[in-house]
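These notes are about the structure you will find just below.
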2 protein chains.
Amino acid sequence: MKIVIVGGGFGGLNAALALGRVKAEVTLIDRENYHLFQPLLYQVATGSLSPANICAPLRNVLKWRKNVSVLQGDVVGFDLREREVQLADRALPFDYLIVAAGMKHSYFGHDEWEPLAPGLKSIPEATEIRARVLGAFESAEWESDEARRERLLTFVVVGGGPTGVELAGTLADLARHTLRKEFRHIQTPAARVVLVDGQAQVLSNYPKELSIKAQESLERLGVEVHTGVMVTAVDRNGVTLSQDGKEQQIEAETVLWAAGVQASPLGKKLAEAAGPQVEVDRAGRTHVEPDLSLAGHPNVFVIGDLGHCDDGSGKPLPGVAPVAIQQGRHVAKLIRKRAFGKTLPAFRYRNFGSMATIGRAAAVADIGRLHFSGYLAWLAWLFVHLMALVRFENRVLVLLQWMWSYVTRGRSARLITTQPRAHPSPEPERP
Amino acid sequence: MKIVIVGGGFGGLNAALALGRVKAEVTLIDRENYHLFQPLLYQVATGSLSPANICAPLRNVLKWRKNVSVLQGDVVGFDLREREVQLADRALPFDYLIVAAGMKHSYFGHDEWEPLAPGLKSIPEATEIRARVLGAFESAEWESDEARRERLLTFVVVGGGPTGVELAGTLADLARHTLRKEFRHIQTPAARVVLVDGQAQVLSNYPKELSIKAQESLERLGVEVHTGVMVTAVDRNGVTLSQDGKEQQIEAETVLWAAGVQASPLGKKLAEAAGPQVEVDRAGRTHVEPDLSLAGHPNVFVIGDLGHCDDGSGKPLPGVAPVAIQQGRHVAKLIRKRAFGKTLPAFRYRNFGSMATIGRAAAVADIGRLHFSGYLAWLAWLFVHLMALVRFENRVLVLLQWMWSYVTRGRSARLITTQPRAHPSPEPERP
């Protein structure tokens, strides 16, 4: 029996782990050679952690699952009749297919904003953001024109979900503390960090009391929070915001995008291959049956962010790691059961709660009926995320690195290792 | 008084540190925002360490030297009459100038080999090599053609100096141990690691007994060592070697260059700006006076690899970190003395010995009359290099990471984070 898994994120990797030691040839395909622990990606973007701290080589994680092969490659399509996954240079046959290709950024029809306002989904994007943020401080230090200097020291984060809140909080901490004594000609604490969101509150998926707490924490860190605001333009000078019909321009060198996501294009390709009975939703996610398979294709499953799985009330399950992990394990179990002619009840998500962190020692936690915030929530956040990190080595090193950063407020991974793709500034004049 | 330092390597950084708290405005210019601990760069290239483990942000190292500014930028020329350093977008005036711009690779007139055989001098080059080496194993795992698979699993290192020896030893260890259980279709220990050198021995600058020991250690690790061999061609298929007039072709996907270095082009520019009394040698290094200044320009110094400083016997001092560090401190002290109308005796290099490591637990050490090799030399190497790492935090984390790697033979930083620049393979056929 051949099982092909597309995507080595939380869903795909957990399916592969659970299918280890099963009588089947399992192939896990990913574009990268590592699993990325995405919840800590903002720490790489802001120079606290190195990529290797939050990545684990897929082959290493699956080392002892002797029936699992890893293939680094790009899936380009599916043939569900022939039961083949198509890559650029080969086709892989399957008896079962699990697609877990995840989401990418959505610029709401403005793809031309992407080079101006990078998002945070991958390691190259994180190091790109790191280079832009640190490069802006480097340029500001030697900029003699005051207006340009202010523009260099303005950072706009678009999107007030967990990623936007984490980025804005960490940027403010970077400017106010870490970099404070390291520049001679500028005052880094004067840097402006602006968080804009279209909703009435940041963290709008959280209970209202926690959203308010989060906004208070951000403002205490020095972040300007603009809610109920739409971004109508992003260009080389910064962003244009619109609120109640009034437009406002914020001049900024660095704009970061944390506003929206859409499904991987593989979702649409899979739905097309499956036939008209399989639909995609507005975000491009593939609708799945209660057992996570595609309608009419009981051997094809979509899990994680890419799947639109009804939560029981007509809404899709959220695109978070615990959903993907539980779905990966569920599908693996279902495939094992089917080998013995058995089946499983429909997938049910067990929600253990959600947490978001804000800067150095604050967080909000929404765990069942328990809503709390502040230092205790931060400790809970820290504990959960460290325990979840895939490999023992990373866990210990990340903990040490954090303890050290926490005490010294230093960030050792502050390296500009990539040339920023687009450099929005005009060339400075010769003084 | 204004002092400009060009280059934040061992020489420039140590000059800047020693000029801290002096009554002078010091500006340190570097293309990067970090100091690189180059002796451990091969560990980044082979996935044992992360870039941040061996880099320290320059601003952070110089945080408490309030009179020292850091400028991230590219120096394009010098005007010694006007006493100005020229950057693309500005000019910096100086009273004293210290140039420590170092070396880059030399392909002996074959610059077209560079994209085919990257060298190891910078962080982007190290991550590039990492991507090529790991990518070759990834491709080999799924290559059905036997000849192509063998080519993918052949790694040629050109140059048997310390960098070449370290790279070859670590690659052999990677193939034979770290990756052994992680592939399903190939036997990684069968990978061929070939080290070629034009001299009669590897590590030809070391005492002969140590060179022989080093070669034995490499062969024990499974490295094929070819000495007395010239590389006559590098192309998409591999390398062509010539020995005693006979040519031999080695088919290899991955060729790494550790064969030669030449001075930064800034050396020649500086000599031209200084006038005909200042010469450059064949490697492009600038000849300096016994006090490390340029002839006729007592306020301009060249230190580190870029300078050609007579060792007293007519030969130049070697391009190693201890020379650069001692020269940086010497020039800083001389400038301080001159402020009081005093001077210093000529620079004299204190040679504490040299060491090179080979793979997992072997090294050779040449310390005065003491020549030793094996495990003890490796422990000495480890101790010296850890102690020399610039920052406390890095020291502890690198030690922990190494201890962990040593026990498990794991390499956690095995991430392919860049797209290899050139991909020499023809597209594999569809199976």
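We name chains A, B, ... following the order of the structure tokens; residues begin at 1 in each chain, and ligands are numbered from 1 as shown.
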request  = Could you give me the residues within range 81-132 of chain B that DSSP places in strand (DSSP E or B), as a PyMOL selection string?
outcome  = chain B and resi 84-87+91-93+96-99+103-105+119
Limited to N, CA and C atoms, could you put the picked residues into a file as a compact mmCIF listing (two decimals), in the first residue's frame?
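For reference, part33.txt as written:
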# COMPACT_ATOMS: atom_id res chain seq x y z
N GLU B 84 40.09 61.56 2.94
CA GLU B 84 38.69 61.14 2.89
C GLU B 84 38.57 59.68 2.46
N VAL B 85 37.62 58.96 3.11
CA VAL B 85 37.25 57.62 2.65
C VAL B 85 35.96 57.78 1.87
N GLN B 86 35.91 57.21 0.67
CA GLN B 86 34.74 57.40 -0.18
C GLN B 86 33.82 56.19 -0.13
N LEU B 87 32.55 56.45 0.16
CA LEU B 87 31.52 55.43 0.05
C LEU B 87 30.63 55.82 -1.12
N ALA B 91 31.24 60.77 1.84
CA ALA B 91 32.68 60.69 2.07
C ALA B 91 32.92 60.98 3.54
N LEU B 92 33.83 60.21 4.15
CA LEU B 92 34.12 60.41 5.57
C LEU B 92 35.54 60.96 5.72
N PRO B 93 35.71 62.11 6.38
CA PRO B 93 37.04 62.64 6.60
C PRO B 93 37.76 61.87 7.73
N TYR B 96 43.28 59.69 11.02
CA TYR B 96 43.97 58.40 10.90
C TYR B 96 43.05 57.44 10.14
N LEU B 97 43.66 56.62 9.31
CA LEU B 97 42.89 55.62 8.56
C LEU B 97 43.52 54.24 8.79
N ILE B 98 42.65 53.27 9.14
CA ILE B 98 43.12 51.89 9.31
C ILE B 98 42.34 51.03 8.32
N VAL B 99 43.03 50.40 7.38
CA VAL B 99 42.34 49.58 6.38
C VAL B 99 42.59 48.11 6.69
N MET B 103 40.81 39.42 2.66
CA MET B 103 41.04 38.70 1.41
C MET B 103 39.73 38.16 0.85
N LYS B 104 39.76 37.82 -0.43
CA LYS B 104 38.66 37.06 -1.01
C LYS B 104 39.24 35.87 -1.77
N HIS B 105 38.36 35.04 -2.37
CA HIS B 105 38.85 33.87 -3.08
C HIS B 105 39.66 34.25 -4.30
N GLY B 119 33.41 29.20 -2.79
CA GLY B 119 34.38 29.19 -1.70
C GLY B 119 33.70 29.50 -0.38
message = Give me, as a list in words, all polymer residues having an atom no more than 10 Å from Tyr107 in chain A, counting only C-alpha atoms and skipping those fewer than 6 positions away in the same chain.
response = Trp113, Glu114, Ala117, Gly119, Trp257, Ala258, Ala259, Gly260, Val261 and Gln262 of chain A
Write the selection just made, keeping N, CA and C atoms, as a tab-separated table (two decimals), in the first residue's frame?
chain	number	residue	atom	x	y	z
A	113	TRP	N	1.49	44.58	-3.81
A	113	TRP	CA	1.98	45.05	-2.50
A	113	TRP	C	3.02	44.10	-1.91
A	114	GLU	N	3.08	42.88	-2.42
A	114	GLU	CA	3.91	41.87	-1.77
A	114	GLU	C	5.38	42.28	-1.62
A	117	ALA	N	5.59	44.97	1.11
A	117	ALA	CA	5.15	44.63	2.46
A	117	ALA	C	5.20	43.11	2.65
A	119	GLY	N	5.27	39.34	4.03
A	119	GLY	CA	4.56	38.65	5.10
A	119	GLY	C	5.49	37.67	5.79
A	257	TRP	N	3.35	42.65	6.51
A	257	TRP	CA	2.00	42.21	6.20
A	257	TRP	C	1.61	41.00	7.05
A	258	ALA	N	0.60	41.17	7.89
A	258	ALA	CA	0.12	40.05	8.69
A	258	ALA	C	-1.40	40.03	8.65
A	259	ALA	N	-1.94	40.43	7.47
A	259	ALA	CA	-3.37	40.73	7.43
A	259	ALA	C	-4.24	39.60	6.93
A	260	GLY	N	-3.76	38.81	5.99
A	260	GLY	CA	-4.69	37.81	5.49
A	260	GLY	C	-3.99	36.63	4.90
A	261	VAL	N	-4.69	35.52	4.85
A	261	VAL	CA	-4.12	34.32	4.25
A	261	VAL	C	-5.10	33.74	3.25
A	262	GLN	N	-4.57	33.00	2.30
A	262	GLN	CA	-5.41	32.26	1.37
A	262	GLN	C	-4.79	30.89	1.19
With 6 Å as the cut-off and only C-alpha atoms counted, what is the closest atom pair between each nearby residue of chain B and chain A? Distances in Å to one decimal, ordered by chain and number, as JSON lines.
{"residue": "B:Ala52", "atom": "CA", "partner": "A:Ala413", "partner_atom": "CA", "distance": 5.0}
{"residue": "B:Arg59", "atom": "CA", "partner": "A:Glu182", "partner_atom": "CA", "distance": 5.5}
{"residue": "B:Lys63", "atom": "CA", "partner": "A:Glu182", "partner_atom": "CA", "distance": 5.0}
{"residue": "B:Asp89", "atom": "CA", "partner": "A:Arg430", "partner_atom": "CA", "distance": 5.1}
{"residue": "B:Arg90", "atom": "CA", "partner": "A:Arg430", "partner_atom": "CA", "distance": 4.8}
{"residue": "B:Glu182", "atom": "CA", "partner": "A:Lys63", "partner_atom": "CA", "distance": 5.0}
{"residue": "B:Ala413", "atom": "CA", "partner": "A:Ala52", "partner_atom": "CA", "distance": 4.9}
{"residue": "B:Arg430", "atom": "CA", "partner": "A:Arg90", "partner_atom": "CA", "distance": 4.9}
message = Can you pull out the residues contacting Asn14 in chain A? Cut-off 10 Å, using only C-alpha atoms, and skip same-chain residues under 5 positions away; I want them as a PyMOL selection string.
response = chain A and resi 8-9+19-20+324-332
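The gap separating CA of Ala168 in chain A from CA of Glu224 in chain A is 9.2 Å, in Å to one decimal.
Per DSSP on the backbone, alpha helix (DSSP H) in range 275-339 of chain A comprises Ala321, Pro322, Val323, Ala324, Ile325, Gln326, Gln327, Gly328, Arg329, His330, Val331, Ala332, Lys333, Leu334, Ile335, Arg336, Lys337, Arg338 and Ala339 of chain A.
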Please produce a file of the residues just selected, as a PDB file, in the first residue's frame, where the atoms kept are C-alpha atoms.
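Final output, saved to result37.pdb:
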ATOM      1  CA  ALA A 321      -1.567  24.064  14.689  1.00  0.00           C
ATOM      2  CA  PRO A 322      -3.691  21.951  17.088  1.00  0.00           C
ATOM      3  CA  VAL A 323      -6.375  21.418  14.423  1.00  0.00           C
ATOM      4  CA  ALA A 324      -3.746  20.277  11.902  1.00  0.00           C
ATOM      5  CA  ILE A 325      -2.032  17.972  14.405  1.00  0.00           C
ATOM      6  CA  GLN A 326      -5.271  16.309  15.475  1.00  0.00           C
ATOM      7  CA  GLN A 327      -6.407  15.933  11.859  1.00  0.00           C
ATOM      8  CA  GLY A 328      -3.092  14.382  10.830  1.00  0.00           C
ATOM      9  CA  ARG A 329      -3.386  11.796  13.577  1.00  0.00           C
ATOM     10  CA  HIS A 330      -7.054  11.185  12.824  1.00  0.00           C
ATOM     11  CA  VAL A 331      -6.454  10.427   9.148  1.00  0.00           C
ATOM     12  CA  ALA A 332      -3.512   8.156   9.972  1.00  0.00           C
ATOM     13  CA  LYS A 333      -5.701   6.219  12.393  1.00  0.00           C
ATOM     14  CA  LEU A 334      -8.538   5.997   9.896  1.00  0.00           C
ATOM     15  CA  ILE A 335      -6.206   4.557   7.233  1.00  0.00           C
ATOM     16  CA  ARG A 336      -4.920   1.982   9.711  1.00  0.00           C
ATOM     17  CA  LYS A 337      -8.487   1.020  10.668  1.00  0.00           C
ATOM     18  CA  ARG A 338      -9.582   0.698   7.061  1.00  0.00           C
ATOM     19  CA  ALA A 339      -6.812  -1.824   6.421  1.00  0.00           C
TER      20      ALA A 339
END
message = If we count only C-alpha atoms and set the cut-off at 7 Å, which residues sit around Val6 in chain A, ignoring sequence neighbours fewer than 2 positions away in its own chain? Please answer as a VMD selection string.
response = chain A and resid 4 8 12 28 to 30 98 to 101
task = Give me the residues within 8 Å of Glu253 in chain A as a VMD selection string, counting only C-alpha atoms and dropping any in the same chain fewer than 6 places off.
result = chain A and resid 136 151 to 155 236 to 238 424 to 425
Saved selection, atoms kept: N, CA and C atoms, as a compact mmCIF listing (two decimals), in the first residue's frame:
# COMPACT_ATOMS: atom_id res chain seq x y z
N ALA A 136 16.87 49.29 8.27
CA ALA A 136 16.26 50.62 8.42
C ALA A 136 16.95 51.38 9.55
N ARG A 151 11.05 58.62 8.49
CA ARG A 151 10.43 57.59 7.67
C ARG A 151 11.13 56.24 7.86
N LEU A 152 12.47 56.30 7.97
CA LEU A 152 13.23 55.06 8.19
C LEU A 152 12.89 54.44 9.54
N LEU A 153 12.54 55.29 10.50
CA LEU A 153 12.27 54.79 11.85
C LEU A 153 10.79 54.55 12.11
N THR A 154 10.00 54.44 11.03
CA THR A 154 8.59 54.12 11.19
C THR A 154 8.31 52.73 10.63
N PHE A 155 7.69 51.91 11.46
CA PHE A 155 7.42 50.52 11.09
C PHE A 155 5.91 50.29 11.19
N ARG A 236 6.02 53.02 -2.17
CA ARG A 236 7.38 53.21 -1.70
C ARG A 236 7.47 54.19 -0.54
N ASN A 237 6.44 55.01 -0.36
CA ASN A 237 6.48 55.99 0.72
C ASN A 237 5.88 55.49 2.02
N GLY A 238 5.10 54.42 1.94
CA GLY A 238 4.47 53.91 3.14
C GLY A 238 3.08 53.38 2.84
N PRO A 424 12.83 50.34 -0.82
CA PRO A 424 11.91 51.41 -1.22
C PRO A 424 12.52 52.81 -1.18
N SER A 425 13.65 53.01 -0.46
CA SER A 425 14.17 54.37 -0.33
C SER A 425 14.77 54.89 -1.60
message = What's around Ile129 in chain A at 9 Å? Count only C-alpha atoms, leave out sequence neighbours fewer than 5 positions away in its own chain, and write the answer as a VMD selection string.
response = chain A and resid 45 to 46 118 to 120 124 134 254 256 420
Export of the given selection (N, CA and C atoms) as a short mmCIF file (atom, residue, chain, number, x, y, z; two decimals), in the first residue's frame:
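Listed below is the output, part.cif:
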data_model
loop_
_atom_site.label_atom_id
_atom_site.label_comp_id
_atom_site.auth_asym_id
_atom_site.auth_seq_id
_atom_site.Cartn_x
_atom_site.Cartn_y
_atom_site.Cartn_z
N ALA A 45 12.25 36.58 12.83
CA ALA A 45 12.14 37.85 12.10
C ALA A 45 12.67 39.02 12.90
N THR A 46 12.65 38.90 14.23
CA THR A 46 13.09 40.02 15.05
C THR A 46 14.44 39.74 15.72
N PRO A 118 6.41 42.58 2.94
CA PRO A 118 6.52 41.12 3.03
C PRO A 118 5.73 40.56 4.20
N GLY A 119 5.27 39.34 4.03
CA GLY A 119 4.56 38.65 5.10
C GLY A 119 5.49 37.67 5.79
N LEU A 120 4.94 36.96 6.78
CA LEU A 120 5.78 36.12 7.63
C LEU A 120 5.24 34.70 7.65
N PRO A 124 12.83 32.13 4.68
CA PRO A 124 13.37 33.24 3.88
C PRO A 124 12.63 34.56 4.12
N LEU A 134 16.39 45.71 10.56
CA LEU A 134 17.71 46.12 11.05
C LEU A 134 18.36 47.10 10.08
N THR A 254 9.39 50.65 6.33
CA THR A 254 9.17 49.22 6.52
C THR A 254 7.70 48.96 6.78
N LEU A 256 5.07 45.68 7.15
CA LEU A 256 5.01 44.22 7.26
C LEU A 256 3.56 43.77 7.18
N PRO A 420 17.88 42.87 1.13
CA PRO A 420 16.44 43.08 0.98
C PRO A 420 16.06 43.10 -0.51
#
ask   = Which residues, written as a PyMOL selection string, have at least one atom at most 10 Å from Ala233 in chain B, with only C-alpha atoms counted and residues fewer than 5 positions away on the same chain left out?
value = chain B and resi 110+113+238-242+249
Using only N, CA and C atoms, please write the residues we just selected to a file, as a PDB file, in the first residue's frame.
ATOM      1  N   HIS B 110      40.662  32.062 -13.228  1.00  0.00           N
ATOM      2  CA  HIS B 110      39.491  31.365 -13.786  1.00  0.00           C
ATOM      3  C   HIS B 110      38.239  31.775 -13.018  1.00  0.00           C
ATOM      4  N   TRP B 113      34.976  29.846 -12.806  1.00  0.00           N
ATOM      5  CA  TRP B 113      34.751  28.671 -11.961  1.00  0.00           C
ATOM      6  C   TRP B 113      33.945  29.013 -10.705  1.00  0.00           C
ATOM      7  N   GLY B 238      32.014  18.282 -13.314  1.00  0.00           N
ATOM      8  CA  GLY B 238      32.938  18.019 -12.218  1.00  0.00           C
ATOM      9  C   GLY B 238      34.262  18.722 -12.462  1.00  0.00           C
ATOM     10  N   VAL B 239      35.361  18.064 -12.086  1.00  0.00           N
ATOM     11  CA  VAL B 239      36.667  18.689 -12.236  1.00  0.00           C
ATOM     12  C   VAL B 239      37.578  17.811 -13.088  1.00  0.00           C
ATOM     13  N   THR B 240      38.530  18.470 -13.748  1.00  0.00           N
ATOM     14  CA  THR B 240      39.581  17.754 -14.461  1.00  0.00           C
ATOM     15  C   THR B 240      40.874  17.995 -13.709  1.00  0.00           C
ATOM     16  N   LEU B 241      41.570  16.897 -13.382  1.00  0.00           N
ATOM     17  CA  LEU B 241      42.817  16.990 -12.633  1.00  0.00           C
ATOM     18  C   LEU B 241      43.973  16.629 -13.544  1.00  0.00           C
ATOM     19  N   SER B 242      45.122  17.195 -13.236  1.00  0.00           N
ATOM     20  CA  SER B 242      46.297  16.860 -14.023  1.00  0.00           C
ATOM     21  C   SER B 242      47.430  16.518 -13.067  1.00  0.00           C
ATOM     22  N   GLN B 249      39.437  12.820 -15.008  1.00  0.00           N
ATOM     23  CA  GLN B 249      38.174  13.528 -14.818  1.00  0.00           C
ATOM     24  C   GLN B 249      37.488  12.946 -13.589  1.00  0.00           C
TER      25      GLN B 249
END
Interatomic distance (Å, one decimal) between CA of Pro298 in chain A and CA of Thr343 in chain A = 11.5 Å
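Nearest residue to Ser211 in chain B among B:Asn351, B:Thr227, B:Thr232, B:Gln187 is B:Thr227, counting only C-alpha atoms.
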